[in-house]
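As structure tokens, the structure follows; a few thoughts come after it.
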Amino acid sequence: MAFDDGTQTGVTRSLGVSTGEFQAVRPTFEAVPALVAGSETDQPAGTTGTAQIPNLHYVFDDPNDGEPGRDRVLVHGVWELVLALAIAGVGMALTQARPGALAGDHLRDLLLVATFIGLLGIATAVSLRASVPNLAVGGAAVLAGTWVARQADGEWLAAAGVAVGICAAIGLVQGLVVVGLHVPAWAASLAVLLGIGAWAAAQGSVTAHIDYSPLPDAYLWFAIVSAVSVIGSLFGLAPSLRRGFARFRPVADPARRRSVAAAVIAVVTTVVSMALAGVGGILIVLLNGRTDAESALELTAYGLAAALLGGTSAFGRRGGIFGTVFAACLLTLVGAWMAAVYPRLSTVWMLAAAIGVGLAVTRLVERFGRPVLLPPTEEEESWMPRVHSLAPTSKPWKPAPTPTGGLWSSDEGWGSPP
């Protein structure tokens, strides 16, 4: 796509993805509401504009469709406060139903459960924020747990390292399929989940013989996983990292490639997601002493419930800070309370409700977390949102050309211009 950038007469430049041709304007408060200066007709004779280029620091790598401005995080803070209050309320209810549930070894058990749910939630959340949702986290957990249970004979660290490496290798293949064919990540990961589930079912349940119990180190496990989640989320608050990490998120036609950088980020994120899920599966085996070959789908549901309930958007990119950790703790306490009060009620109901609430949270995050929109003008319909202008009004962007050529022609090459 070509447009006249207004800096040199008769010069046009390509506009498909961010190629570094533009010089980003220094991000300031004044630069957000008006990314470009007024048209040349509004300036005195003999003067030229000083900022007639889009501020790429505040937009997607597709300036034609991007949303300028900084994401609002207040909605995440409010929701995380709600989660904290819910944790306190369910904790009080649990202590009334089962006195001593939050003390001693009982507390350590709950912390370990919250830790492996947190690992599955982080694995799912990081893939969601990169816009490559990974539904195979439960399969990776089962695969790693089964491998460690079968290979470990007292010493489990070596077998755990190999298991995590296998999960990462599967994630690499899965990511390459997603970006190579540019297909929805959820569909590819679902196929991986089914394949691993079939393999695990053929292996059957396995009892592990490991001489290590994570119970005395429950606080350490929980602290490390919580720190990983919070620190990663803090990095995600930076606008450039937040948008750059989610470059695979479509802003126009979802079938169009999103550049080589977006593909690399998607592959690396998928590998990290599968590796984290593998660590979670190993912790489950260390805690329970056995594997359940039929739990792959349920573990995926745990990860998805923790991620969505924690405030990570199902559309990608947007997420909070403490949400995933809080959601993992809440799911752990609710599960323990259900086991004490309604022992015959399956936790699947809890997971279904948590995912449903998480989808409602996604709607809130996308509604109140996006950059502030300009108010509509009289000429526009009231229901149509306006974003800040990305170019001088006298020189609007031209529409994207209709792709031509074969399946692998130049206009399909990772979003590069023809």
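Labels for the structure tokens follow display order: chains A, B, ..., residues from 1 in each chain, ligands from 1.
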Name the residues in contact with Ile196 (chain A) at a cut-off of 9 Å, using only C-alpha atoms, excluding same-chain residues fewer than 5 positions from it; report them as a list in words.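 That gives Ala136, Gly139, Ala140, Val142, Leu143, Ala191, Ala201 and Ala296 of chain A.
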With a distance cut-off of 12 Å and only C-alpha atoms, select the neighbouring residues of Ser213 (chain A), excluding the residue or stretch itself and same-chain residues fewer than 6 positions from it, and output the selection as a list of chain:residue names. A:Arg108, A:Asp109, A:Leu112, A:Gly154, A:Trp156, A:Trp221, A:Ile282, A:Leu283, A:Ile284, A:Val285, A:Leu286, A:Leu287, A:Asn288, A:Gly289
Output the selection as a PDB file, in the first residue's frame - C-alpha atoms for each residue.
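Saved to selection_20.pdb:
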ATOM      1  CA  ARG A 108       1.039 -25.889  52.061  1.00  0.00           C
ATOM      2  CA  ASP A 109      -1.136 -28.295  50.077  1.00  0.00           C
ATOM      3  CA  LEU A 112       1.077 -26.166  45.816  1.00  0.00           C
ATOM      4  CA  GLY A 154      14.629 -41.595  42.634  1.00  0.00           C
ATOM      5  CA  TRP A 156      13.829 -36.782  38.900  1.00  0.00           C
ATOM      6  CA  TRP A 221       7.370 -22.821  44.795  1.00  0.00           C
ATOM      7  CA  ILE A 282       5.904 -32.171  36.788  1.00  0.00           C
ATOM      8  CA  LEU A 283       4.745 -30.386  39.935  1.00  0.00           C
ATOM      9  CA  ILE A 284       1.443 -32.282  39.779  1.00  0.00           C
ATOM     10  CA  VAL A 285       3.325 -35.589  39.709  1.00  0.00           C
ATOM     11  CA  LEU A 286       5.574 -34.520  42.588  1.00  0.00           C
ATOM     12  CA  LEU A 287       2.508 -33.548  44.591  1.00  0.00           C
ATOM     13  CA  ASN A 288       0.211 -36.491  43.820  1.00  0.00           C
ATOM     14  CA  GLY A 289       2.755 -39.224  43.112  1.00  0.00           C
TER      15      GLY A 289
END
When you draw a straight line from CA of Glu298 (chain A) to CA of Ile122 (chain A), how long is it in Å?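 Atom-to-atom, CA of Glu298 (chain A) to CA of Ile122 (chain A), that is 15.9 Å.
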Kindly indicate which residue among A:Leu190, A:Ile117, A:Met274, A:Ala246 lies nearest to Ser313 (chain A), using only C-alpha atoms for the distances. A:Ala246
Selection near Ala314 (chain A), 12 Å with only C-alpha atoms, sequence-local residues under 4 positions removed, as a PDB file with N, CA and C atoms, in the first residue's frame:
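What landed in part.pdb:
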ATOM      1  N   THR A 124      -1.107 -20.257  29.693  1.00  0.00           N
ATOM      2  CA  THR A 124      -2.222 -19.865  28.832  1.00  0.00           C
ATOM      3  C   THR A 124      -2.249 -18.358  28.628  1.00  0.00           C
ATOM      4  N   ALA A 125      -2.009 -17.599  29.686  1.00  0.00           N
ATOM      5  CA  ALA A 125      -2.085 -16.147  29.601  1.00  0.00           C
ATOM      6  C   ALA A 125      -1.031 -15.580  28.664  1.00  0.00           C
ATOM      7  N   VAL A 126       0.193 -16.114  28.719  1.00  0.00           N
ATOM      8  CA  VAL A 126       1.239 -15.575  27.851  1.00  0.00           C
ATOM      9  C   VAL A 126       0.921 -15.851  26.386  1.00  0.00           C
ATOM     10  N   SER A 127       0.301 -16.989  26.108  1.00  0.00           N
ATOM     11  CA  SER A 127      -0.084 -17.268  24.721  1.00  0.00           C
ATOM     12  C   SER A 127      -1.258 -16.389  24.294  1.00  0.00           C
ATOM     13  N   LEU A 128      -2.174 -16.125  25.210  1.00  0.00           N
ATOM     14  CA  LEU A 128      -3.290 -15.247  24.873  1.00  0.00           C
ATOM     15  C   LEU A 128      -2.801 -13.826  24.601  1.00  0.00           C
ATOM     16  N   ARG A 129      -1.898 -13.323  25.414  1.00  0.00           N
ATOM     17  CA  ARG A 129      -1.415 -11.958  25.240  1.00  0.00           C
ATOM     18  C   ARG A 129      -0.617 -11.807  23.956  1.00  0.00           C
ATOM     19  N   ALA A 130      -0.013 -12.888  23.485  1.00  0.00           N
ATOM     20  CA  ALA A 130       0.683 -12.851  22.198  1.00  0.00           C
ATOM     21  C   ALA A 130      -0.255 -13.162  21.044  1.00  0.00           C
ATOM     22  N   SER A 131      -1.549 -13.340  21.336  1.00  0.00           N
ATOM     23  CA  SER A 131      -2.574 -13.619  20.311  1.00  0.00           C
ATOM     24  C   SER A 131      -2.361 -14.960  19.612  1.00  0.00           C
ATOM     25  N   VAL A 132      -1.758 -15.916  20.321  1.00  0.00           N
ATOM     26  CA  VAL A 132      -1.656 -17.285  19.808  1.00  0.00           C
ATOM     27  C   VAL A 132      -2.164 -18.228  20.896  1.00  0.00           C
ATOM     28  N   PRO A 133      -3.468 -18.232  21.179  1.00  0.00           N
ATOM     29  CA  PRO A 133      -4.004 -19.021  22.293  1.00  0.00           C
ATOM     30  C   PRO A 133      -3.612 -20.485  22.197  1.00  0.00           C
ATOM     31  N   ASN A 134      -3.089 -21.008  23.304  1.00  0.00           N
ATOM     32  CA  ASN A 134      -2.575 -22.371  23.341  1.00  0.00           C
ATOM     33  C   ASN A 134      -3.494 -23.238  24.189  1.00  0.00           C
ATOM     34  N   TRP A 186      -5.584 -21.547  18.128  1.00  0.00           N
ATOM     35  CA  TRP A 186      -6.413 -22.405  18.969  1.00  0.00           C
ATOM     36  C   TRP A 186      -6.714 -23.725  18.267  1.00  0.00           C
ATOM     37  N   ARG A 249      -1.798 -10.208  16.807  1.00  0.00           N
ATOM     38  CA  ARG A 249      -3.232  -9.916  16.914  1.00  0.00           C
ATOM     39  C   ARG A 249      -3.694  -9.177  15.670  1.00  0.00           C
ATOM     40  N   LEU A 304      -7.053 -22.091  31.183  1.00  0.00           N
ATOM     41  CA  LEU A 304      -7.883 -21.080  30.529  1.00  0.00           C
ATOM     42  C   LEU A 304      -8.712 -20.312  31.540  1.00  0.00           C
ATOM     43  N   ALA A 305      -9.237 -21.013  32.543  1.00  0.00           N
ATOM     44  CA  ALA A 305     -10.031 -20.342  33.575  1.00  0.00           C
ATOM     45  C   ALA A 305      -9.179 -19.351  34.358  1.00  0.00           C
ATOM     46  N   ALA A 306      -7.962 -19.742  34.738  1.00  0.00           N
ATOM     47  CA  ALA A 306      -7.086 -18.841  35.504  1.00  0.00           C
ATOM     48  C   ALA A 306      -6.698 -17.622  34.682  1.00  0.00           C
ATOM     49  N   ALA A 307      -6.415 -17.809  33.397  1.00  0.00           N
ATOM     50  CA  ALA A 307      -5.997 -16.691  32.549  1.00  0.00           C
ATOM     51  C   ALA A 307      -7.143 -15.711  32.316  1.00  0.00           C
ATOM     52  N   LEU A 308      -8.299 -16.219  31.911  1.00  0.00           N
ATOM     53  CA  LEU A 308      -9.433 -15.333  31.615  1.00  0.00           C
ATOM     54  C   LEU A 308      -9.969 -14.686  32.885  1.00  0.00           C
ATOM     55  N   LEU A 309     -10.092 -15.465  33.953  1.00  0.00           N
ATOM     56  CA  LEU A 309     -10.603 -14.913  35.204  1.00  0.00           C
ATOM     57  C   LEU A 309      -9.640 -13.870  35.769  1.00  0.00           C
ATOM     58  N   GLY A 310      -8.358 -14.025  35.462  1.00  0.00           N
ATOM     59  CA  GLY A 310      -7.379 -13.060  35.940  1.00  0.00           C
ATOM     60  C   GLY A 310      -7.357 -11.751  35.177  1.00  0.00           C
ATOM     61  N   ARG A 318      -4.054  -7.448  25.927  1.00  0.00           N
ATOM     62  CA  ARG A 318      -4.379  -6.770  27.175  1.00  0.00           C
ATOM     63  C   ARG A 318      -4.414  -7.755  28.352  1.00  0.00           C
ATOM     64  N   GLY A 319      -3.881  -7.298  29.489  1.00  0.00           N
ATOM     65  CA  GLY A 319      -3.871  -8.106  30.703  1.00  0.00           C
ATOM     66  C   GLY A 319      -3.409  -7.268  31.877  1.00  0.00           C
ATOM     67  N   ILE A 355     -14.673 -19.865  33.449  1.00  0.00           N
ATOM     68  CA  ILE A 355     -14.435 -19.458  32.062  1.00  0.00           C
ATOM     69  C   ILE A 355     -15.532 -18.514  31.589  1.00  0.00           C
ATOM     70  N   GLY A 356     -16.785 -18.781  31.992  1.00  0.00           N
ATOM     71  CA  GLY A 356     -17.876 -17.880  31.623  1.00  0.00           C
ATOM     72  C   GLY A 356     -17.686 -16.481  32.193  1.00  0.00           C
ATOM     73  N   GLY A 358     -14.828 -15.266  33.055  1.00  0.00           N
ATOM     74  CA  GLY A 358     -13.651 -14.734  32.385  1.00  0.00           C
ATOM     75  C   GLY A 358     -13.968 -14.116  31.042  1.00  0.00           C
ATOM     76  N   LEU A 359     -14.913 -14.683  30.310  1.00  0.00           N
ATOM     77  CA  LEU A 359     -15.314 -14.092  29.034  1.00  0.00           C
ATOM     78  C   LEU A 359     -16.002 -12.747  29.247  1.00  0.00           C
ATOM     79  N   ALA A 360     -16.797 -12.644  30.306  1.00  0.00           N
ATOM     80  CA  ALA A 360     -17.395 -11.340  30.630  1.00  0.00           C
ATOM     81  C   ALA A 360     -16.317 -10.332  31.012  1.00  0.00           C
ATOM     82  N   VAL A 361     -15.281 -10.791  31.712  1.00  0.00           N
ATOM     83  CA  VAL A 361     -14.173  -9.905  32.059  1.00  0.00           C
ATOM     84  C   VAL A 361     -13.445  -9.443  30.798  1.00  0.00           C
ATOM     85  N   THR A 362     -13.298 -10.334  29.827  1.00  0.00           N
ATOM     86  CA  THR A 362     -12.690  -9.935  28.554  1.00  0.00           C
ATOM     87  C   THR A 362     -13.448  -8.791  27.911  1.00  0.00           C
ATOM     88  N   ARG A 363     -14.777  -8.867  27.964  1.00  0.00           N
ATOM     89  CA  ARG A 363     -15.575  -7.778  27.391  1.00  0.00           C
ATOM     90  C   ARG A 363     -15.316  -6.465  28.128  1.00  0.00           C
ATOM     91  N   LEU A 364     -15.223  -6.524  29.447  1.00  0.00           N
ATOM     92  CA  LEU A 364     -14.939  -5.323  30.230  1.00  0.00           C
ATOM     93  C   LEU A 364     -13.550  -4.777  29.918  1.00  0.00           C
ATOM     94  N   VAL A 365     -12.573  -5.681  29.814  1.00  0.00           N
ATOM     95  CA  VAL A 365     -11.201  -5.247  29.530  1.00  0.00           C
ATOM     96  C   VAL A 365     -11.113  -4.585  28.166  1.00  0.00           C
ATOM     97  N   GLU A 366     -11.750  -5.163  27.175  1.00  0.00           N
ATOM     98  CA  GLU A 366     -11.695  -4.582  25.833  1.00  0.00           C
ATOM     99  C   GLU A 366     -12.494  -3.283  25.749  1.00  0.00           C
TER     100      GLU A 366
END
For Leu102 (chain A), work out the shell of residues within 12 Å, counting only C-alpha atoms and skipping chain neighbours fewer than 5 positions away, then give it as number ranges by chain. A: 88, 90-97, 107-111, 332-333, 336-337
Please produce an output containing N, CA and C atoms for each residue in the selection, written as a PDB file, in the first residue's frame.
ATOM      1  N   ALA A  88     -10.542 -13.386  49.944  1.00  0.00           N
ATOM      2  CA  ALA A  88     -10.756 -13.243  51.385  1.00  0.00           C
ATOM      3  C   ALA A  88     -12.085 -13.856  51.806  1.00  0.00           C
ATOM      4  N   VAL A  90     -13.949 -16.265  50.245  1.00  0.00           N
ATOM      5  CA  VAL A  90     -13.957 -17.730  50.132  1.00  0.00           C
ATOM      6  C   VAL A  90     -13.050 -18.347  51.186  1.00  0.00           C
ATOM      7  N   GLY A  91     -11.942 -17.677  51.517  1.00  0.00           N
ATOM      8  CA  GLY A  91     -11.068 -18.191  52.573  1.00  0.00           C
ATOM      9  C   GLY A  91     -11.775 -18.256  53.916  1.00  0.00           C
ATOM     10  N   MET A  92     -12.559 -17.233  54.232  1.00  0.00           N
ATOM     11  CA  MET A  92     -13.321 -17.254  55.480  1.00  0.00           C
ATOM     12  C   MET A  92     -14.364 -18.371  55.463  1.00  0.00           C
ATOM     13  N   ALA A  93     -15.027 -18.543  54.326  1.00  0.00           N
ATOM     14  CA  ALA A  93     -16.018 -19.612  54.225  1.00  0.00           C
ATOM     15  C   ALA A  93     -15.367 -20.984  54.368  1.00  0.00           C
ATOM     16  N   LEU A  94     -14.158 -21.139  53.815  1.00  0.00           N
ATOM     17  CA  LEU A  94     -13.459 -22.424  53.916  1.00  0.00           C
ATOM     18  C   LEU A  94     -13.069 -22.731  55.353  1.00  0.00           C
ATOM     19  N   THR A  95     -12.583 -21.738  56.083  1.00  0.00           N
ATOM     20  CA  THR A  95     -12.197 -21.971  57.475  1.00  0.00           C
ATOM     21  C   THR A  95     -13.402 -22.301  58.353  1.00  0.00           C
ATOM     22  N   GLN A  96     -14.557 -21.768  58.007  1.00  0.00           N
ATOM     23  CA  GLN A  96     -15.764 -22.110  58.754  1.00  0.00           C
ATOM     24  C   GLN A  96     -16.224 -23.530  58.442  1.00  0.00           C
ATOM     25  N   ALA A  97     -16.100 -23.942  57.171  1.00  0.00           N
ATOM     26  CA  ALA A  97     -16.524 -25.288  56.792  1.00  0.00           C
ATOM     27  C   ALA A  97     -15.519 -26.345  57.241  1.00  0.00           C
ATOM     28  N   LEU A 107      -2.376 -25.719  54.513  1.00  0.00           N
ATOM     29  CA  LEU A 107      -2.072 -24.497  53.757  1.00  0.00           C
ATOM     30  C   LEU A 107      -1.014 -24.765  52.695  1.00  0.00           C
ATOM     31  N   ARG A 108      -0.004 -25.569  53.043  1.00  0.00           N
ATOM     32  CA  ARG A 108       1.039 -25.889  52.061  1.00  0.00           C
ATOM     33  C   ARG A 108       0.460 -26.664  50.881  1.00  0.00           C
ATOM     34  N   ASP A 109      -0.464 -27.583  51.171  1.00  0.00           N
ATOM     35  CA  ASP A 109      -1.136 -28.295  50.077  1.00  0.00           C
ATOM     36  C   ASP A 109      -1.871 -27.324  49.150  1.00  0.00           C
ATOM     37  N   LEU A 110      -2.599 -26.396  49.754  1.00  0.00           N
ATOM     38  CA  LEU A 110      -3.330 -25.425  48.944  1.00  0.00           C
ATOM     39  C   LEU A 110      -2.378 -24.545  48.136  1.00  0.00           C
ATOM     40  N   LEU A 111      -1.249 -24.178  48.718  1.00  0.00           N
ATOM     41  CA  LEU A 111      -0.285 -23.354  47.992  1.00  0.00           C
ATOM     42  C   LEU A 111       0.293 -24.102  46.795  1.00  0.00           C
ATOM     43  N   THR A 332      -8.302 -22.317  43.611  1.00  0.00           N
ATOM     44  CA  THR A 332      -7.875 -23.307  44.609  1.00  0.00           C
ATOM     45  C   THR A 332      -8.783 -23.295  45.830  1.00  0.00           C
ATOM     46  N   LEU A 333      -9.096 -22.110  46.329  1.00  0.00           N
ATOM     47  CA  LEU A 333      -9.940 -22.012  47.523  1.00  0.00           C
ATOM     48  C   LEU A 333     -11.371 -22.462  47.227  1.00  0.00           C
ATOM     49  N   ALA A 336     -11.392 -26.222  47.117  1.00  0.00           N
ATOM     50  CA  ALA A 336     -11.314 -26.804  48.459  1.00  0.00           C
ATOM     51  C   ALA A 336     -12.627 -26.633  49.208  1.00  0.00           C
ATOM     52  N   TRP A 337     -13.258 -25.471  49.039  1.00  0.00           N
ATOM     53  CA  TRP A 337     -14.548 -25.247  49.713  1.00  0.00           C
ATOM     54  C   TRP A 337     -15.618 -26.184  49.170  1.00  0.00           C
TER      55      TRP A 337
END
Grab the CA of Val178 (chain A) to CA of Thr270 (chain A) distance for me, in Å with one decimal place.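 So the two atoms, CA of Val178 (chain A) and CA of Thr270 (chain A), lie 9.7 Å apart.
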Which one of A:Gly244, A:Gly89, A:Gly138, A:Pro99 sits closest to Leu276 (chain A) if you count only C-alpha atoms? A:Gly138
Using only C-alpha atoms, pick whichever of A:Ala340, A:Ala163, A:Ala263, A:Leu74 has the shortest atom-to-atom distance to Gly369 (chain A). A:Leu74
